[in-house]
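The structure file protein.txt is reproduced below (compact mmCIF, C-alpha atoms and all ligand atoms).
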```txt
# COMPACT_ATOMS: atom_id res chain seq x y z
CA PHE A 67 50.30 179.03 174.75
CA GLU A 68 51.69 178.88 178.28
CA GLY A 69 49.53 176.59 180.38
CA MET A 70 45.90 177.06 181.42
CA THR A 71 43.70 178.03 184.32
CA ILE A 72 42.66 175.61 187.03
CA VAL A 73 39.06 175.67 185.76
CA GLU A 74 40.25 174.63 182.34
CA LEU A 75 42.43 171.90 183.77
CA ALA A 76 39.47 170.52 185.71
CA LYS A 77 37.37 170.53 182.56
CA ARG A 78 40.04 168.80 180.46
CA THR A 79 40.86 166.12 183.02
CA GLY A 80 37.21 165.64 183.94
CA LYS A 81 38.10 165.80 187.64
CA PRO A 82 36.55 167.97 190.34
CA MET A 83 38.33 171.23 191.04
CA SER A 84 38.75 170.49 194.75
CA SER A 85 40.82 167.36 194.12
CA LEU A 86 43.03 169.24 191.69
CA GLN A 87 43.56 172.04 194.17
CA ASP A 88 44.85 169.59 196.78
CA ILE A 89 47.36 168.18 194.31
CA LEU A 90 48.45 171.66 193.29
CA ILE A 91 49.12 172.56 196.90
CA ASN A 92 51.07 169.31 197.31
CA VAL A 93 53.41 170.16 194.45
CA GLY A 94 53.97 173.56 195.97
CA GLU A 95 51.79 175.74 193.74
CA LYS A 96 49.96 178.67 195.32
CA VAL A 97 46.27 178.60 194.46
CA ASP A 98 44.23 181.66 195.31
CA SER A 99 41.51 181.44 192.70
CA GLU A 100 40.35 178.89 190.16
CA PHE A 101 41.24 181.39 187.47
CA ASP A 102 44.91 181.34 188.41
CA PRO A 103 47.05 180.16 185.54
CA VAL A 104 49.05 176.96 185.92
CA SER A 105 52.06 176.32 183.72
CA ILE A 106 52.09 173.50 181.19
CA ASP A 107 54.54 171.51 183.37
CA ILE A 108 52.32 171.74 186.44
CA ALA A 109 49.25 170.92 184.34
CA GLU A 110 50.98 167.74 183.18
CA LEU A 111 51.96 166.80 186.75
CA VAL A 112 48.42 167.24 188.04
CA ALA A 113 46.93 165.33 185.11
CA MET A 114 49.33 162.42 185.69
CA GLU A 115 48.48 162.45 189.38
CA VAL A 116 44.78 161.92 188.63
CA GLY A 117 45.65 159.18 186.14
CA VAL A 118 44.98 161.10 182.93
CA ASN A 119 47.30 160.56 179.98
CA VAL A 120 48.86 163.74 178.64
CA ARG A 121 50.08 164.72 175.24
CA ARG A 122 51.63 168.15 174.86
CA LEU A 123 50.51 170.11 171.85
CA HIS A 124 53.01 172.68 170.76
CA SER A 125 51.89 175.64 168.77
CA ASN A 126 54.13 177.68 166.53
CA GLU A 127 51.92 180.71 166.80
CA GLY A 128 53.76 183.99 166.64
CA SER A 129 57.13 182.44 165.84
CA GLU A 130 58.92 182.32 162.56
CA VAL A 131 58.75 179.04 160.68
CA LEU A 132 61.62 178.27 158.29
CA PRO A 133 62.50 175.49 155.85
CA ARG A 134 64.38 172.62 157.48
CA PRO A 135 66.36 169.62 156.19
CA ALA A 136 64.51 166.35 155.63
CA VAL A 137 64.92 163.45 158.03
CA ILE A 138 65.13 160.26 155.99
CA THR A 139 65.15 156.71 157.36
CA VAL A 140 66.66 153.83 155.42
CA MET A 141 64.81 150.56 155.89
CA GLY A 142 64.74 147.11 154.37
CA HIS A 143 65.53 143.43 154.77
CA VAL A 144 68.73 142.30 156.49
CA ASP A 145 71.86 142.53 154.30
CA HIS A 146 70.12 144.28 151.42
CA GLY A 147 72.75 147.01 151.67
CA LYS A 148 71.22 149.85 153.73
CA THR A 149 74.40 150.75 155.59
CA SER A 150 76.52 150.33 152.44
CA LEU A 151 74.18 152.64 150.56
CA LEU A 152 74.47 155.29 153.27
CA ASP A 153 78.22 154.81 153.30
CA ALA A 154 78.27 155.40 149.57
CA LEU A 155 76.16 158.53 149.97
CA ARG A 156 78.57 160.00 152.48
CA GLN A 157 81.64 158.11 151.25
CA THR A 158 82.78 156.51 154.47
CA SER A 159 82.76 152.96 155.61
CA VAL A 160 80.58 152.11 158.57
CA ALA A 161 79.35 148.77 157.19
CA ALA A 162 82.86 147.31 157.17
CA LYS A 163 83.42 148.23 160.83
CA GLU A 164 80.21 146.71 162.18
CA ALA A 165 80.28 143.43 164.09
CA GLY A 166 79.46 140.76 161.52
CA GLY A 167 78.34 143.52 159.19
CA ILE A 168 74.99 143.64 160.98
CA THR A 169 73.52 146.92 162.15
CA GLN A 170 72.25 146.72 165.72
CA HIS A 171 71.35 150.31 166.38
CA LEU A 172 69.99 153.42 164.78
CA GLY A 173 72.78 155.44 163.27
CA ALA A 174 72.11 159.09 162.52
CA PHE A 175 74.15 161.47 160.41
CA VAL A 176 73.98 164.35 158.02
CA VAL A 177 74.84 164.12 154.34
CA ASN A 178 75.63 167.34 152.56
CA MET A 179 74.31 167.06 149.04
CA PRO A 180 76.26 168.43 146.10
CA SER A 181 73.32 170.77 145.51
CA GLY A 182 74.10 172.48 148.81
CA SER A 183 71.13 171.17 150.77
CA SER A 184 71.63 168.67 153.56
CA ILE A 185 69.67 165.59 154.54
CA THR A 186 69.60 163.85 157.91
CA PHE A 187 69.72 160.08 157.50
CA LEU A 188 68.81 157.40 159.99
CA ASP A 189 70.08 153.89 159.39
CA THR A 190 68.01 151.04 160.81
CA PRO A 191 68.80 147.36 161.28
CA GLY A 192 67.19 144.88 158.91
CA HIS A 193 67.49 141.91 161.26
CA ALA A 194 64.09 140.49 162.18
CA ALA A 195 64.75 141.06 165.90
CA PHE A 196 64.73 144.83 165.59
CA SER A 197 61.12 145.43 164.60
CA ALA A 198 60.47 147.97 167.38
CA MET A 199 63.46 150.02 166.26
CA ARG A 200 62.12 150.09 162.71
CA ALA A 201 58.70 151.15 163.91
CA ARG A 202 60.26 154.07 165.81
CA GLY A 203 62.45 154.90 162.82
CA ALA A 204 59.37 155.19 160.64
CA ALA A 205 57.52 157.26 163.21
CA VAL A 206 60.12 160.03 163.42
CA THR A 207 61.01 160.35 159.77
CA ASP A 208 59.80 162.41 156.82
CA ILE A 209 60.62 159.86 154.13
CA VAL A 210 61.49 156.15 154.12
CA VAL A 211 64.05 154.82 151.65
CA LEU A 212 63.06 151.21 151.11
CA VAL A 213 66.18 149.28 150.12
CA VAL A 214 65.55 146.04 148.20
CA ALA A 215 68.41 143.89 146.92
CA ALA A 216 67.92 143.26 143.22
CA ASP A 217 69.15 139.66 143.48
CA ASP A 218 67.10 138.75 146.54
CA GLY A 219 63.86 140.61 145.93
CA VAL A 220 61.07 141.42 148.38
CA MET A 221 61.58 139.65 151.71
CA PRO A 222 59.76 139.59 155.08
CA GLN A 223 61.40 142.74 156.51
CA THR A 224 60.85 144.55 153.21
CA LEU A 225 57.14 144.04 153.76
CA GLU A 226 57.44 144.93 157.42
CA ALA A 227 59.18 148.21 156.59
CA MET A 228 56.44 148.99 154.05
CA ALA A 229 53.83 148.39 156.73
CA HIS A 230 55.62 150.67 159.24
CA ALA A 231 55.86 153.47 156.67
CA LYS A 232 52.21 153.09 155.80
CA ALA A 233 51.17 153.11 159.45
CA ALA A 234 53.20 156.26 160.05
CA LYS A 235 51.83 157.81 156.81
CA VAL A 236 55.37 158.40 155.56
CA PRO A 237 56.10 158.40 151.80
CA ILE A 238 58.45 155.74 150.41
CA VAL A 239 61.21 156.06 147.85
CA VAL A 240 62.42 152.64 146.62
CA ALA A 241 66.14 151.99 146.08
CA ILE A 242 66.72 148.73 144.23
CA ASN A 243 70.28 147.96 145.35
CA LYS A 244 72.99 145.53 144.23
CA CYS A 245 72.15 146.16 140.57
CA ASP A 246 75.82 145.38 139.79
CA LYS A 247 75.28 141.70 140.60
CA PRO A 248 74.91 139.26 137.71
CA ALA A 249 71.82 137.80 139.38
CA ALA A 250 70.20 141.23 139.71
CA ASP A 251 66.62 141.38 138.44
CA PRO A 252 65.21 144.84 139.16
CA GLU A 253 62.16 144.16 137.00
CA ARG A 254 61.16 141.28 139.25
CA VAL A 255 61.50 143.56 142.31
CA ARG A 256 59.19 146.10 140.67
CA ILE A 257 56.57 143.46 139.97
CA GLN A 258 56.82 142.11 143.51
CA LEU A 259 56.44 145.56 145.06
CA GLY A 260 53.54 146.38 142.75
CA SER A 261 51.72 143.21 143.66
CA GLU A 262 52.23 144.04 147.35
CA GLY A 263 50.24 147.18 146.74
CA LEU A 264 53.01 149.78 146.53
CA PRO A 265 51.92 152.32 143.90
CA LEU A 266 55.09 152.70 141.83
CA GLU A 267 55.52 155.75 139.63
CA GLU A 268 55.98 153.78 136.42
CA MET A 269 52.67 152.05 137.13
CA GLY A 270 50.83 155.33 137.53
CA GLY A 271 51.44 155.76 141.28
CA ASP A 272 53.57 158.27 143.16
CA VAL A 273 56.36 156.10 144.60
CA GLN A 274 59.70 156.80 142.91
CA VAL A 275 61.99 153.85 142.14
CA VAL A 276 65.74 154.20 141.61
CA GLU A 277 68.18 151.44 140.61
CA VAL A 278 71.48 151.70 142.48
CA SER A 279 74.61 149.88 143.46
CA ALA A 280 76.28 150.85 146.71
CA ILE A 281 79.42 148.96 145.75
CA SER A 282 79.98 150.23 142.20
CA LYS A 283 78.45 153.58 143.21
CA VAL A 284 75.93 153.67 140.39
CA GLY A 285 72.68 155.62 140.57
CA LEU A 286 73.56 157.54 143.74
CA ASP A 287 72.97 160.93 142.11
CA LYS A 288 69.56 159.71 140.89
CA LEU A 289 68.68 158.57 144.40
CA GLU A 290 69.68 161.94 145.87
CA GLU A 291 67.62 163.67 143.22
CA ALA A 292 64.59 161.53 143.99
CA LEU A 293 64.92 162.22 147.73
CA LEU A 294 65.33 165.96 147.30
CA LEU A 295 62.33 166.02 144.96
CA GLN A 296 60.21 164.12 147.48
CA ALA A 297 61.37 166.44 150.28
CA GLU A 298 60.65 169.52 148.20
CA MET A 299 57.09 168.37 147.57
CA MET A 300 56.58 168.05 151.31
CA ASP A 301 57.63 171.64 152.00
CA LEU A 302 59.23 170.79 155.35
CA LYS A 303 59.36 173.61 157.86
CA ALA A 304 60.02 174.12 161.55
CA ARG A 305 60.10 176.84 164.15
CA VAL A 306 63.74 177.71 164.78
CA ASP A 307 63.61 180.16 167.68
CA GLY A 308 62.61 179.35 171.21
CA PRO A 309 62.93 176.28 173.41
CA ALA A 310 63.58 172.98 171.70
CA GLN A 311 61.30 170.03 171.33
CA ALA A 312 63.29 167.01 170.33
CA TYR A 313 63.11 163.24 170.43
CA VAL A 314 65.50 160.46 171.31
CA VAL A 315 66.59 158.24 168.44
CA GLU A 316 68.91 156.08 170.46
CA ALA A 317 70.36 156.03 173.99
CA ARG A 318 73.31 154.27 175.56
CA LEU A 319 75.34 154.28 178.72
CA ASP A 320 78.96 155.40 178.37
CA ARG A 321 81.31 154.31 181.16
CA GLY A 322 82.94 157.71 181.48
CA ARG A 323 80.30 160.14 180.23
CA GLY A 324 77.16 158.53 181.66
CA PRO A 325 73.89 158.31 179.76
CA LEU A 326 74.14 159.56 176.19
CA ALA A 327 71.20 160.17 173.92
CA THR A 328 71.20 160.66 170.17
CA ALA A 329 68.49 163.20 169.56
CA ILE A 330 66.91 165.02 166.67
CA VAL A 331 65.41 168.45 167.19
CA LYS A 332 61.85 168.79 165.92
CA ALA A 333 61.42 172.50 166.57
CA GLY A 334 63.25 175.31 168.31
CA THR A 335 66.90 175.32 169.26
CA LEU A 336 68.46 172.95 171.77
CA VAL A 337 71.02 174.82 173.85
CA CYS A 338 73.77 173.68 176.20
CA GLY A 339 73.17 174.22 179.93
CA LYS A 340 69.37 173.84 179.88
CA TYR A 341 67.34 171.58 182.12
CA VAL A 342 65.47 168.94 180.18
CA VAL A 343 62.96 166.21 180.84
CA VAL A 344 63.49 163.23 178.56
CA GLY A 345 60.72 160.68 178.78
CA ALA A 346 60.73 159.88 182.49
CA GLU A 347 64.33 160.98 183.00
CA TRP A 348 65.78 164.42 183.50
CA GLY A 349 69.10 166.17 183.34
CA ARG A 350 70.98 169.29 182.48
CA ILE A 351 72.60 169.34 179.08
CA ARG A 352 76.32 169.36 179.73
CA ALA A 353 77.54 168.85 176.18
CA ILE A 354 76.10 168.67 172.69
CA ARG A 355 78.07 166.91 169.97
CA ASP A 356 77.34 166.70 166.28
CA THR A 357 77.48 163.33 164.51
CA THR A 358 81.19 163.71 163.86
CA GLY A 359 81.79 164.04 167.61
CA LYS A 360 82.56 167.75 167.51
CA LEU A 361 81.29 169.86 170.42
CA THR A 362 78.66 172.41 169.51
CA GLU A 363 76.71 174.98 171.50
CA MET A 364 73.31 174.28 170.00
CA ALA A 365 71.24 172.13 167.67
CA LYS A 366 68.64 173.33 165.19
CA PRO A 367 65.68 171.45 163.64
CA ALA A 368 66.47 168.13 161.88
CA MET A 369 70.03 168.14 163.24
CA PRO A 370 71.03 164.85 164.88
CA VAL A 371 73.15 165.41 167.98
CA GLU A 372 74.42 163.49 170.96
CA ILE A 373 73.54 164.97 174.31
CA GLU A 374 75.31 164.38 177.59
CA GLY A 375 74.20 165.23 181.11
CA LEU A 376 71.11 163.09 181.67
CA ARG A 377 70.64 161.48 185.08
CA GLY A 378 69.19 158.26 183.74
CA LEU A 379 68.98 156.35 180.50
CA PRO A 380 66.00 157.41 178.38
CA MET A 381 64.34 155.19 175.78
CA ALA A 382 64.40 155.56 172.03
CA GLY A 383 61.31 157.50 170.99
CA ASP A 384 61.16 159.56 174.20
CA ASP A 385 60.39 163.23 173.81
CA ILE A 386 62.74 165.91 175.08
CA ILE A 387 61.33 169.09 176.57
CA VAL A 388 63.11 172.04 178.05
CA VAL A 389 62.02 173.23 181.51
CA ASP A 390 62.88 176.30 183.56
CA SER A 391 64.59 174.86 186.61
CA GLU A 392 66.12 171.81 188.17
CA GLU A 393 63.20 171.59 190.58
CA ARG A 394 60.74 171.49 187.69
CA ALA A 395 62.79 168.86 185.91
CA ARG A 396 62.99 166.64 189.00
CA MET A 397 59.28 166.99 189.69
CA LEU A 398 58.17 166.17 186.15
CA SER A 399 60.52 163.23 185.94
CA ALA A 400 59.32 161.87 189.28
CA GLY A 401 55.69 162.34 188.20
CA ARG A 402 56.26 160.54 184.93
CA LYS A 403 58.08 157.67 186.65
CA LYS A 404 55.22 157.28 189.10
CA LYS A 405 52.73 157.24 186.23
CA LEU A 406 54.78 154.63 184.33
CA GLU A 407 54.93 152.44 187.44
CA LYS A 408 51.19 152.81 188.00
CA ASP A 409 50.48 151.85 184.39
CA ARG A 410 52.84 148.90 184.67
CA LEU A 411 51.14 147.60 187.82
CA LYS A 412 47.74 148.08 186.24
CA LYS A 413 48.84 146.01 183.25
CA ILE A 414 50.12 143.22 185.50
CA ASP A 415 46.86 143.29 187.39
CA GLU A 416 44.78 143.10 184.22
CA GLY A 417 46.91 140.25 182.93
CA ARG A 418 46.56 138.20 186.11
CA ILE A 419 44.64 134.96 185.82
CA GLU A 420 43.32 132.82 188.62
CA ILE A 421 44.63 129.31 188.94
CA PRO A 422 42.77 126.99 191.34
CA ASP A 423 45.03 125.62 194.04
CA ALA A 424 44.95 121.82 193.71
CA SER A 425 46.20 121.24 197.27
CA GLU A 426 43.01 122.61 198.76
P1 LIG A 501 71.68 145.14 158.19
O1 LIG A 501 71.96 146.48 158.74
O2 LIG A 501 72.29 144.07 159.01
O3 LIG A 501 70.22 144.91 157.96
O4 LIG A 501 72.39 145.05 156.73
P2 LIG A 501 72.46 146.21 155.64
O5 LIG A 501 71.17 146.26 154.90
O6 LIG A 501 72.93 147.47 156.26
O7 LIG A 501 73.54 145.63 154.63
P3 LIG A 501 75.08 146.05 154.51
O8 LIG A 501 75.22 147.41 153.99
O9 LIG A 501 75.77 145.71 155.78
O10 LIG A 501 75.52 145.07 153.33
C1 LIG A 501 75.36 143.66 153.37
C2 LIG A 501 76.28 142.99 152.38
O11 LIG A 501 75.88 143.32 151.05
C3 LIG A 501 77.74 143.45 152.49
O12 LIG A 501 78.57 142.35 152.28
C4 LIG A 501 77.89 144.46 151.37
O13 LIG A 501 79.20 144.53 150.90
C5 LIG A 501 76.95 143.88 150.31
N1 LIG A 501 76.44 144.93 149.43
C6 LIG A 501 75.80 146.06 149.80
N2 LIG A 501 75.46 146.81 148.75
C7 LIG A 501 75.89 146.12 147.65
C8 LIG A 501 75.85 146.38 146.24
O14 LIG A 501 75.34 147.40 145.75
N3 LIG A 501 76.39 145.42 145.43
C9 LIG A 501 76.97 144.30 145.92
N4 LIG A 501 77.47 143.44 145.02
N5 LIG A 501 77.03 144.04 147.22
C10 LIG A 501 76.51 144.93 148.09
MG MG A 502 73.12 147.97 158.21
```
How would this structure read if it were set down as structure tokens?
Ligand code: GTP
Ligand code: MG
Amino acid sequence: FEGMTIVELAKRTGKPMSSLQDILINVGEKVDSEFDPVSIDIAELVAMEVGVNVRRLHSNEGSEVLPRPAVITVMGHVDHGKTSLLDALRQTSVAAKEAGGITQHLGAFVVNMPSGSSITFLDTPGHAAFSAMRARGAAVTDIVVLVVAADDGVMPQTLEAMAHAKAAKVPIVVAINKCDKPAADPERVRIQLGSEGLPLEEMGGDVQVVEVSAISKVGLDKLEEALLLQAEMMDLKARVDGPAQAYVVEARLDRGRGPLATAIVKAGTLVCGKYVVVGAEWGRIRAIRDTTGKLTEMAKPAMPVEIEGLRGLPMAGDDIIVVDSEERARMLSAGRKKKLEKDRLKKIDEGRIEIPDASE
């Protein structure tokens, strides 16, 4: 699918053809007949211009679809051991290096399983303040690992994470952590989760539960097994060839390198040197690094990478699309910014209340 005709665009946006034609001419498109094709980028620009919200649907028709690694997000209450558990899975120590031991961002990395398959993991913060980050984490993932400390039990952000996973229709695998502690009571955690409506396997449901300890490294192989089993049941696949669609997991500004975005490819292959539109920003990919910081030429589905070369700072959750030229990238980015500003002003306007002036 490569765009549509002007007639079709008019039908989909519900706007008269004449007004669309004027906009098309303004963005520099030649229009001879209403049956002329317009590209998907131009279609989006025109739709935004007439105030219609756009969502791109990508089809995999005609391209080969291959198995891809699972993207798994670790969620749970603050200090229940999410980062430690990931550290144990990949045998490094991020948790010890964090400020105050509290995660304040979304970490992404790949763990190569002994079985030979790899899994992409996203770490999320458990602190109450980072709810939006957890919601995004749940939205981009295939599976949620719900970490519950065996001595602390189900807590507010445990429930919140459950709700995010449910809203995103993402299956949960429960890891009851800190089972090494004398005060650990995994049975109590099971009962709590069950009474919160989580259908645990041992109670006839389909949610797997694994008891682990990140510190004494117990149960890690069982957890990996459970995750691979869950992933296998989901039969995860993606188109590998062709232009990439990806999404931003996290973005930050580096003093020397400019805006950096951690991204995960959804489909296709992300290649160095391409023009991209990222949310309302644009850029040309100057460098791609894997999660160990090594430069790489390209990124395939489910691979987390850091991209450099964006002109502005995108937002977590933004989509990344590849476009043909710098001009296209600039135009789309400008169009999206204008639309965002319009929506923002509209919101302010709607929220405005009238206060009688007492001095009158
Ligand atoms: P946030 O990212 O801030 O939500 O925390 P977190 O869930 O990532 O917890 P983190 O891994 O930082 O661990 C919190 C504390 O629990 C640290 O002091 C860890 O050493 C300790 N901890 C984590 N896992 C275990 C475990 O299995 N057993 C014991 N005894 N302590 C653990
Ligand atoms: Mg953490």
| message | Let me make sure I understand: among A:His143, A:Lys148, A:Arg202, A:Lys77, which one has the smallest atom-to-atom distance to Asp218 (chain A) if we use only C-alpha atoms? | response |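 Closest to Asp218 (chain A), using only C-alpha atoms: A:His143.
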| Of the candidates A:Val118, A:Ile209, A:Ala174, A:Ile421, which one gets nearest to ligand MG 502 (chain A) if we count only C-alpha atoms and all ligand atoms? | A:Ala174
| query | ligand LIG 501 (chain A): which residues are within 6 Å, counting only C-alpha atoms and all ligand atoms, as a PyMOL selection string? | reply | chain A and resi 143-150+161+167-169+191-193+243-244+246-247+279-281
| said: With all atoms listed in the file as the counted atoms, please give the residues lying no more than 12 Å from region 409-420 of chain A, apart from itself and same-chain residues fewer than 6 positions off, as number ranges by chain. | reply: A: 114-115, 117-119, 402-403
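Between CA of Lys96 (chain A) and CA of Ala113 (chain A) lies a distance of 17.1 Å.
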